[in-house]
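Source file: model-v5.cif (mmCIF, C-alpha atoms)
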```cif
data_protein
loop_
_atom_site.label_atom_id
_atom_site.label_comp_id
_atom_site.auth_asym_id
_atom_site.auth_seq_id
_atom_site.Cartn_x
_atom_site.Cartn_y
_atom_site.Cartn_z
CA MET A 279 -106.11 6.91 115.68
CA LEU A 280 -107.79 8.57 118.66
CA ASP A 281 -108.46 11.66 116.53
CA SER A 282 -110.35 9.63 113.94
CA ALA A 283 -112.30 7.78 116.64
CA THR A 284 -113.34 11.05 118.28
CA SER A 285 -114.34 12.53 114.94
CA ALA A 286 -116.38 9.43 114.14
CA PHE A 287 -118.02 9.66 117.56
CA ALA A 288 -119.04 13.27 116.96
CA ARG A 289 -120.54 12.42 113.57
CA LEU A 290 -122.26 9.32 114.89
CA THR A 291 -123.77 11.16 117.86
CA LYS A 292 -125.23 13.86 115.61
CA ASP A 293 -126.54 11.28 113.15
CA ILE A 294 -128.20 9.29 115.93
CA GLN A 295 -129.79 12.37 117.46
CA ASN A 296 -131.18 13.36 114.07
CA ALA A 297 -132.45 9.86 113.30
CA PHE A 298 -134.12 9.30 116.69
CA PRO A 299 -135.00 12.74 118.09
CA ASP A 300 -137.77 11.49 120.39
CA ASP A 301 -136.44 8.08 121.43
CA GLU A 302 -135.68 8.18 125.17
CA SER A 303 -133.58 5.01 125.17
CA VAL A 304 -131.31 6.53 122.54
CA SER A 305 -131.12 9.74 124.54
CA ARG A 306 -130.12 7.78 127.65
CA ARG A 307 -127.38 5.92 125.80
CA LEU A 308 -126.01 9.14 124.37
CA GLU A 309 -126.02 10.65 127.86
CA GLU A 310 -124.05 7.64 129.09
CA LEU A 311 -121.48 8.40 126.42
CA ASP A 312 -121.39 12.04 127.55
CA TRP A 313 -120.69 10.89 131.11
CA SER A 314 -117.97 8.55 129.85
CA LEU A 315 -116.26 11.39 127.99
CA ALA A 316 -116.53 13.62 131.06
CA ALA A 317 -114.96 10.93 133.25
CA LEU A 318 -112.12 10.49 130.77
CA TRP A 319 -111.67 14.25 130.68
CA LYS A 320 -111.50 14.46 134.46
CA ASP A 321 -109.13 11.54 134.95
CA PRO A 322 -107.66 10.26 131.68
CA PRO A 323 -105.78 6.95 131.82
CA VAL A 324 -103.08 8.42 129.53
CA GLY A 325 -102.11 12.04 129.00
CA THR A 326 -103.63 14.97 130.86
CA SER A 327 -107.06 16.46 131.34
CA GLN A 328 -105.90 19.38 129.21
CA ASP A 329 -105.10 16.97 126.37
CA VAL A 330 -108.60 15.52 126.51
CA GLY A 331 -110.17 18.99 126.71
CA THR A 332 -108.21 20.10 123.66
CA LEU A 333 -109.29 17.02 121.73
CA LEU A 334 -112.94 17.53 122.69
CA GLN A 335 -112.72 21.16 121.62
CA ARG A 336 -111.12 20.20 118.33
CA PHE A 337 -114.12 18.05 117.47
CA GLY A 338 -116.76 20.43 118.78
CA LEU A 339 -117.66 18.36 121.84
CA GLN A 340 -116.10 20.36 124.67
CA ALA A 341 -119.06 22.70 125.27
CA HIS A 342 -121.42 19.74 125.15
CA VAL A 343 -119.42 17.60 127.62
CA GLN A 344 -118.41 20.48 129.96
CA PRO A 345 -121.64 20.43 132.04
CA PHE A 346 -121.17 16.71 132.69
CA LEU A 347 -117.57 17.31 133.78
CA GLU A 348 -118.71 20.02 136.17
CA ARG A 349 -121.15 17.60 137.81
CA LEU A 350 -118.48 14.97 138.53
#
```

Rewrite the coordinates I just gave you, this time as structure tokens.
Amino acid sequence: MLDSATSAFARLTKDIQNAFPDDESVSRRLEELDWSLAALWKDPPVGTSQDVGTLLQRFGLQAHVQPFLERL
């Protein structure tokens, strides 16, 4: 279930970015989601950070979220 949610998130994020490339409010909301993923990666409520990192990598989000993780 988490796999499908993460995959849907990746698709949705790309679709939103393409639909609203210059909308700052959309950009801010997407950045909030990036921070949320980074926080979950750093301290997941279940599993390990490595599990979250692997999942993010699997869906092509790890490189995108990594800079946010490094700033936590």

Next item on the list: Do a neighbour search on His342 of chain A at 12 Å with all atoms listed in the file, toss out local chain neighbours closer than 3 positions, and write the hits as an NGL selection string.
Entry: :A and (288 or 291-292 or 308-309 or 311-313 or 315-316 or 331 or 334-335 or 337-339 or 345-348)

Identify, on the basis of only C-alpha atoms, every residue whose closest approach to Val304 of chain A does not exceed 8 Å; exclude the query and any residue fewer than 4 positions from it along the same chain; express the result as an mmCIF file with C-alpha atoms, keeping the file's coordinate frame.
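Written out: around_7.cif:
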```cif
data_model
loop_
_atom_site.group_PDB
_atom_site.id
_atom_site.type_symbol
_atom_site.label_atom_id
_atom_site.label_comp_id
_atom_site.auth_asym_id
_atom_site.auth_seq_id
_atom_site.Cartn_x
_atom_site.Cartn_y
_atom_site.Cartn_z
ATOM 1 C CA ILE A 294 -128.200 9.290 115.930
ATOM 2 C CA GLN A 295 -129.790 12.370 117.460
ATOM 3 C CA PHE A 298 -134.120 9.300 116.690
ATOM 4 C CA LEU A 308 -126.010 9.140 124.370
#
```

Check: What gap, in Å, lies between atom CA of Gln344 of chain A and atom CA of Arg289 of chain A?
Finding: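 About the pair atom CA of Gln344 of chain A and atom CA of Arg289 of chain A: they are 18.4 Å apart.
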
Notebook entry, point to check: What is the distance, in Å and to one decimal place, between atom CA of Asp329 of chain A and atom CA of Glu310 of chain A?
Noted result: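 Taking atom CA of Asp329 of chain A as the start and atom CA of Glu310 of chain A as the end point, the length is 21.3 Å.
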
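Our summary of the geometry notes that atom CA of Pro322 of chain A is positioned 22.3 Å from atom CA of Leu290 of chain A.
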
Item checked: Residues within 9 Å of Leu318 of chain A, only C-alpha atoms, excluding chain neighbours under 5 positions, as a PyMOL selection string -> chain A and resi 313+323+327+330

Could you take the residues named above and write them with C-alpha atoms, as a PDB file, keeping the file's coordinate frame?
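Result went into result_9.pdb, see below:
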```pdb
ATOM      1  CA  TRP A 313    -120.690  10.890 131.110  1.00  0.00           C
ATOM      2  CA  PRO A 323    -105.780   6.950 131.820  1.00  0.00           C
ATOM      3  CA  SER A 327    -107.060  16.460 131.340  1.00  0.00           C
ATOM      4  CA  VAL A 330    -108.600  15.520 126.510  1.00  0.00           C
TER       5      VAL A 330
END
```

Axis-aligned box for all listed atoms of segment 304-320 of chain A, 8 Å per side, centre and edges in Å to one decimal, as JSON:
```
{"center_x": -121.4, "center_y": 10.2, "center_z": 128.5, "size_x": 35.8, "size_y": 24.5, "size_z": 27.9}
```
